[in-house]
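model-v2.csv, holding CSV, C-alpha atoms:
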chain,number,residue,atom,x,y,z
L,1,MET,CA,-36.0,23.8,18.8
L,2,THR,CA,-33.1,22.7,16.6
L,3,HIS,CA,-31.2,19.5,17.1
L,4,SER,CA,-27.6,19.2,16.2
L,5,VAL,CA,-26.5,16.2,14.3
L,6,PRO,CA,-23.4,14.7,15.8
L,7,PHE,CA,-20.3,14.4,13.6
L,8,PRO,CA,-19.7,10.7,12.7
L,9,ALA,CA,-16.6,9.7,14.7
L,10,ASN,CA,-15.5,7.2,12.0
L,11,LEU,CA,-15.7,9.6,9.0
L,12,PRO,CA,-12.3,10.0,7.5
L,13,ALA,CA,-11.0,13.6,7.7
L,14,TYR,CA,-9.9,13.5,4.1
L,15,SER,CA,-11.1,11.8,1.0
L,16,LEU,CA,-9.2,9.1,-0.8
L,17,GLU,CA,-8.8,11.4,-3.8
L,18,HIS,CA,-6.9,13.8,-1.5
L,19,TRP,CA,-4.5,11.1,-0.3
L,20,LEU,CA,-3.9,9.9,-3.8
L,21,SER,CA,-2.8,13.3,-5.0
L,22,PRO,CA,0.7,13.2,-6.7
L,23,ASP,CA,1.3,16.7,-5.5
L,24,LEU,CA,0.8,15.7,-1.9
L,25,ALA,CA,3.2,12.7,-2.5
L,26,ARG,CA,5.9,15.0,-4.0
L,27,VAL,CA,6.0,17.3,-0.9
L,28,SER,CA,6.1,14.5,1.5
L,29,PRO,CA,9.4,12.8,2.5
L,30,PRO,CA,9.5,9.4,0.7
L,31,ASN,CA,10.2,7.6,3.9
L,32,ALA,CA,7.3,9.2,5.8
L,33,PRO,CA,5.0,6.3,6.8
L,34,SER,CA,1.4,6.2,5.6
L,35,ARG,CA,-1.3,3.5,5.2
L,36,LEU,CA,-1.4,3.9,1.4
L,37,ARG,CA,2.4,3.5,1.1
L,38,GLN,CA,2.2,0.4,3.3
L,39,LEU,CA,-0.4,-1.1,1.0
L,40,ALA,CA,1.4,-0.1,-2.2
L,41,ASP,CA,4.8,-1.4,-1.0
L,42,ALA,CA,3.4,-4.7,0.3
L,43,GLN,CA,1.5,-5.2,-3.0
L,44,GLY,CA,4.6,-4.2,-5.0
L,45,THR,CA,6.7,-6.7,-3.1
L,46,LEU,CA,4.3,-9.6,-3.9
L,47,ALA,CA,4.0,-8.5,-7.5
L,48,ALA,CA,7.8,-8.2,-7.8
L,49,GLY,CA,8.2,-11.8,-6.7
L,50,TRP,CA,5.7,-13.1,-9.3
L,51,SER,CA,7.3,-10.9,-11.9
L,52,SER,CA,10.4,-13.0,-11.5
L,53,ALA,CA,8.4,-16.1,-12.3
L,54,ILE,CA,7.0,-14.4,-15.4
L,55,ALA,CA,10.4,-13.5,-16.6
L,56,GLY,CA,12.1,-16.6,-15.4
L,57,GLY,CA,9.8,-19.0,-17.3
L,58,PRO,CA,11.0,-18.0,-20.8
L,59,VAL,CA,14.6,-18.2,-19.5
L,60,LEU,CA,14.0,-21.9,-18.6
L,61,VAL,CA,12.5,-22.6,-22.0
L,62,LEU,CA,15.5,-21.0,-23.7
L,63,THR,CA,17.9,-22.9,-21.4
L,64,GLY,CA,16.2,-26.2,-22.3
L,65,SER,CA,16.2,-25.4,-26.0
L,66,PHE,CA,19.9,-24.3,-26.0
L,67,PHE,CA,21.1,-27.5,-24.2
L,68,SER,CA,19.0,-29.7,-26.4
L,69,ALA,CA,20.5,-28.0,-29.5
L,70,VAL,CA,24.0,-28.3,-28.2
L,71,SER,CA,23.8,-31.9,-27.1
L,72,GLY,CA,21.4,-33.1,-29.7
L,73,ASN,CA,19.3,-34.6,-26.9
L,74,PRO,CA,15.7,-33.3,-26.7
L,75,ALA,CA,15.5,-34.3,-23.0
L,76,ALA,CA,16.4,-30.8,-21.7
L,77,VAL,CA,13.8,-28.9,-23.7
L,78,LEU,CA,11.2,-31.6,-23.0
L,79,VAL,CA,11.7,-31.0,-19.2
L,80,LEU,CA,12.5,-27.3,-19.0
L,81,GLY,CA,10.1,-26.2,-21.7
L,82,PRO,CA,6.9,-27.3,-19.9
L,83,LEU,CA,8.3,-26.3,-16.6
L,84,GLY,CA,9.2,-22.8,-17.8
L,85,THR,CA,5.8,-22.4,-19.5
L,86,ALA,CA,4.0,-23.5,-16.3
L,87,LEU,CA,6.1,-21.1,-14.2
L,88,MET,CA,5.3,-18.2,-16.5
L,89,VAL,CA,1.5,-18.9,-16.5
L,90,LEU,CA,1.5,-19.3,-12.7
L,91,GLY,CA,3.4,-16.0,-12.4
L,92,LEU,CA,1.0,-14.2,-14.7
L,93,THR,CA,-2.1,-15.5,-12.9
L,94,SER,CA,-0.7,-14.7,-9.5
L,95,TRP,CA,0.7,-11.3,-10.5
L,96,LYS,CA,-2.7,-10.2,-11.8
L,97,ARG,CA,-4.4,-11.5,-8.6
L,98,VAL,CA,-2.2,-9.7,-6.1
L,99,ARG,CA,-2.4,-6.4,-8.1
L,100,SER,CA,-6.2,-6.5,-8.0
L,101,ARG,CA,-6.7,-6.8,-4.2
L,102,LEU,CA,-5.4,-5.3,-1.0
L,103,PRO,CA,-2.4,-7.2,0.5
L,104,ASN,CA,-2.3,-8.6,4.0
L,105,THR,CA,-0.1,-6.1,5.8
L,106,ASN,CA,0.0,-8.2,9.0
L,107,LYS,CA,2.6,-10.4,7.3
L,108,LEU,CA,6.1,-9.1,7.3
L,109,LEU,CA,7.5,-9.0,3.7
L,110,VAL,CA,11.3,-8.5,3.5
L,111,THR,CA,13.1,-7.6,0.3
L,112,ARG,CA,16.9,-7.8,0.1
L,113,GLY,CA,17.4,-6.8,-3.6
L,114,PRO,CA,17.6,-3.4,-5.2
L,115,GLY,CA,14.5,-1.2,-4.8
L,116,ASN,CA,14.5,0.3,-8.3
L,117,ALA,CA,15.4,-0.6,-11.9
L,118,ARG,CA,18.6,1.5,-11.8
L,119,GLY,CA,19.9,-0.4,-8.8
L,120,GLY,CA,19.0,-3.7,-10.4
L,121,ILE,CA,20.8,-2.9,-13.6
L,122,ALA,CA,23.9,-1.8,-11.7
L,123,MET,CA,23.9,-5.0,-9.6
L,124,VAL,CA,23.4,-7.3,-12.7
L,125,ALA,CA,26.1,-5.4,-14.6
L,126,GLY,CA,28.5,-6.0,-11.7
L,127,LEU,CA,27.7,-9.6,-11.4
L,128,ALA,CA,27.8,-10.1,-15.2
L,129,GLY,CA,31.2,-8.5,-15.3
L,130,LEU,CA,32.6,-10.8,-12.6
L,131,ILE,CA,31.2,-13.9,-14.2
L,132,GLY,CA,32.4,-12.7,-17.6
L,133,ALA,CA,35.9,-12.2,-16.3
L,134,ALA,CA,36.0,-15.7,-14.9
L,135,MET,CA,34.8,-17.2,-18.2
L,136,VAL,CA,37.4,-15.3,-20.1
L,137,MET,CA,40.0,-17.1,-18.2
L,138,VAL,CA,38.7,-20.5,-19.5
L,139,LEU,CA,38.0,-19.2,-23.0
L,140,PRO,CA,41.3,-20.5,-24.5
L,141,THR,CA,40.6,-24.0,-23.1
L,142,ALA,CA,37.1,-23.8,-24.5
L,143,ALA,CA,38.5,-22.8,-27.9
L,144,GLU,CA,40.8,-25.8,-28.0
L,145,GLN,CA,38.0,-28.1,-27.1
L,146,GLY,CA,35.6,-26.5,-29.6
L,147,THR,CA,33.1,-25.5,-26.9
L,148,THR,CA,33.3,-21.7,-27.3
L,149,VAL,CA,29.7,-21.4,-28.5
L,150,SER,CA,28.5,-23.4,-25.5
L,151,LEU,CA,30.5,-21.3,-23.1
L,152,VAL,CA,29.1,-18.0,-24.6
L,153,GLY,CA,25.6,-19.5,-24.6
L,154,VAL,CA,25.8,-20.4,-20.9
L,155,TYR,CA,27.1,-16.9,-20.1
L,156,LEU,CA,24.2,-15.3,-21.9
L,157,LEU,CA,21.7,-17.6,-20.2
L,158,VAL,CA,23.2,-16.7,-16.8
L,159,VAL,CA,22.9,-13.0,-17.6
L,160,ALA,CA,19.3,-13.5,-18.7
L,161,LEU,CA,18.5,-15.3,-15.4
L,162,LEU,CA,20.1,-12.4,-13.4
L,163,VAL,CA,17.9,-10.0,-15.3
L,164,ALA,CA,14.8,-12.0,-14.6
L,165,CYS,CA,15.6,-12.4,-10.9
L,166,ILE,CA,17.0,-9.0,-10.2
L,167,VAL,CA,16.3,-6.3,-12.8
L,168,VAL,CA,12.6,-7.2,-13.4
L,169,PRO,CA,11.5,-7.4,-9.8
L,170,SER,CA,13.5,-4.3,-8.9
L,171,ALA,CA,11.7,-2.3,-11.7
L,172,VAL,CA,8.4,-3.5,-10.3
L,173,LEU,CA,9.3,-2.4,-6.8
L,174,GLY,CA,10.5,1.0,-8.0
L,175,ARG,CA,7.2,1.7,-9.6
L,176,ALA,CA,5.0,0.1,-6.8
L,177,ARG,CA,3.5,3.3,-5.5
L,178,GLU,CA,2.9,5.0,-8.8
L,179,SER,CA,1.5,1.8,-10.2
L,180,PHE,CA,-0.8,1.4,-7.2
L,181,ARG,CA,-2.1,4.9,-7.7
L,182,LEU,CA,-3.0,4.2,-11.3
L,183,ARG,CA,-4.8,1.0,-10.5
L,184,VAL,CA,-6.8,2.5,-7.7
L,185,GLN,CA,-8.0,5.2,-10.1
L,186,SER,CA,-8.8,2.7,-12.9
L,187,ASN,CA,-9.9,-0.4,-11.1
L,188,PRO,CA,-13.3,0.1,-9.4
L,189,GLU,CA,-13.0,-3.1,-7.4
L,190,LEU,CA,-9.6,-2.1,-6.0
L,191,ARG,CA,-10.8,1.4,-5.3
L,192,ARG,CA,-13.8,0.2,-3.3
L,193,ALA,CA,-11.5,-2.0,-1.3
L,194,VAL,CA,-9.2,1.0,-0.5
L,195,GLU,CA,-12.2,3.2,0.3
L,196,GLN,CA,-13.5,0.6,2.8
L,197,ASP,CA,-10.1,0.4,4.3
L,198,LEU,CA,-9.9,4.1,4.6
L,199,ALA,CA,-13.2,4.2,6.5
L,200,VAL,CA,-12.1,1.8,9.2
L,201,TRP,CA,-8.3,2.2,9.4
L,202,ARG,CA,-6.7,4.0,12.3
L,203,ASP,CA,-2.9,4.1,13.0
L,204,PRO,CA,-2.4,1.6,15.9
L,205,HIS,CA,1.0,3.0,16.8
L,206,GLY,CA,0.6,6.8,16.5
L,207,ASN,CA,-1.2,9.4,14.4
L,208,ALA,CA,0.1,8.6,10.9
L,209,GLY,CA,-2.2,9.7,8.1
L,210,TYR,CA,-3.8,7.4,5.6
L,211,GLY,CA,-1.7,9.0,2.9
L,212,PRO,CA,0.1,10.3,1.0
L,213,LEU,CA,1.1,7.8,-1.6
Target format structure tokens, applied to this file:
Amino acid sequence: MTHSVPFPANLPAYSLEHWLSPDLARVSPPNAPSRLRQLADAQGTLAAGWSSAIAGGPVLVLTGSFFSAVSGNPAAVLVLGPLGTALMVLGLTSWKRVRSRLPNTNKLLVTRGPGNARGGIAMVAGLAGLIGAAMVMVLPTAAEQGTTVSLVGVYLLVVALLVACIVVPSAVLGRARESFRLRVQSNPELRRAVEQDLAVWRDPHGNAGYGPL
């Protein structure tokens, strides 16, 4: 007498490699929900926030150095230099940490900035143009007072800050899914975490699939 082996109810219908396929992602609408996209987008949002800290740290150091050079007082660089360095180190450490583990998708993460590098560049270009136009109006006064270099320096620092806070995180967000795919394929620890999640995850609201990405 032969005995049939029951099919394991919790065995995923498709492997992780199937869901990670770029071809599958290309034929799927970008707004179609999936667990992999939820993980990638949440992780990308966290990484984008820390990328601003990484880029913003050097801007603080430059700001302190600039104002110290203009004023002849080292106080600015003595304060902003260590602060910027600490911010950059914290950003790098946290950025690496969030990219190596699965995010907590139970927490709602909201982003209000551009979702890709092109949108970020367009936004910064518009803001830089408006700020530049305002500064041009006071340029004659600055020339009379001999503060033209300071005015131009402040403008460049403001643009650098906008790039750090808008362009850099938007670029990280725009590549979140592609970057997540590459890390899952190259990081054994992250891959094991995703495979464990695949084995137990079920859509609580419908029948959405685990992928595509």
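Shortest atom-to-atom contact with L:Pro58 among L:Pro33, L:Pro204, L:Gly174, L:Gly81: L:Gly81, counting all atoms listed in the file.
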What gap, in Å, lies between atom CA of L:Leu24 and atom CA of L:Pro212?
->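 Result for atom CA of L:Leu24 versus atom CA of L:Pro212: 6.2 Å, one decimal.
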From the set L:Pro103, L:Gly132, L:Pro114, L:Gly119, which residue has the shortest atom-to-atom contact distance to L:Ala47, counting all atoms listed in the file?
->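 Checking each of L:Pro103, L:Gly132, L:Pro114, L:Gly119 against L:Ala47, counting all atoms listed in the file, the winner is L:Pro103.
Across the structure, atom CA of L:Asn104 and atom CA of L:Glu17 are spaced 22.4 Å apart.
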Residues near L:Arg192, anyone? I mean within 12 Å using all atoms listed in the file, not counting same-chain ones fewer than 4 positions away, as a JSON list (two decimals) with C-alpha atoms, keeping the file's coordinate frame.
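What follows is the written file out_25.json:
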[["chain", "number", "residue", "atom", "x", "y", "z"],
["L", 16, "LEU", "CA", -9.20, 9.10, -0.80],
["L", 100, "SER", "CA", -6.20, -6.50, -8.00],
["L", 101, "ARG", "CA", -6.70, -6.80, -4.20],
["L", 102, "LEU", "CA", -5.40, -5.30, -1.00],
["L", 183, "ARG", "CA", -4.80, 1.00, -10.50],
["L", 184, "VAL", "CA", -6.80, 2.50, -7.70],
["L", 185, "GLN", "CA", -8.00, 5.20, -10.10],
["L", 186, "SER", "CA", -8.80, 2.70, -12.90],
["L", 187, "ASN", "CA", -9.90, -0.40, -11.10],
["L", 188, "PRO", "CA", -13.30, 0.10, -9.40],
["L", 196, "GLN", "CA", -13.50, 0.60, 2.80],
["L", 197, "ASP", "CA", -10.10, 0.40, 4.30],
["L", 198, "LEU", "CA", -9.90, 4.10, 4.60],
["L", 199, "ALA", "CA", -13.20, 4.20, 6.50]]
Quick one: pull the distance between atom CA of L:Ala122 and atom CA of L:Gly153, Å, one decimal.
-> 22.0 Å
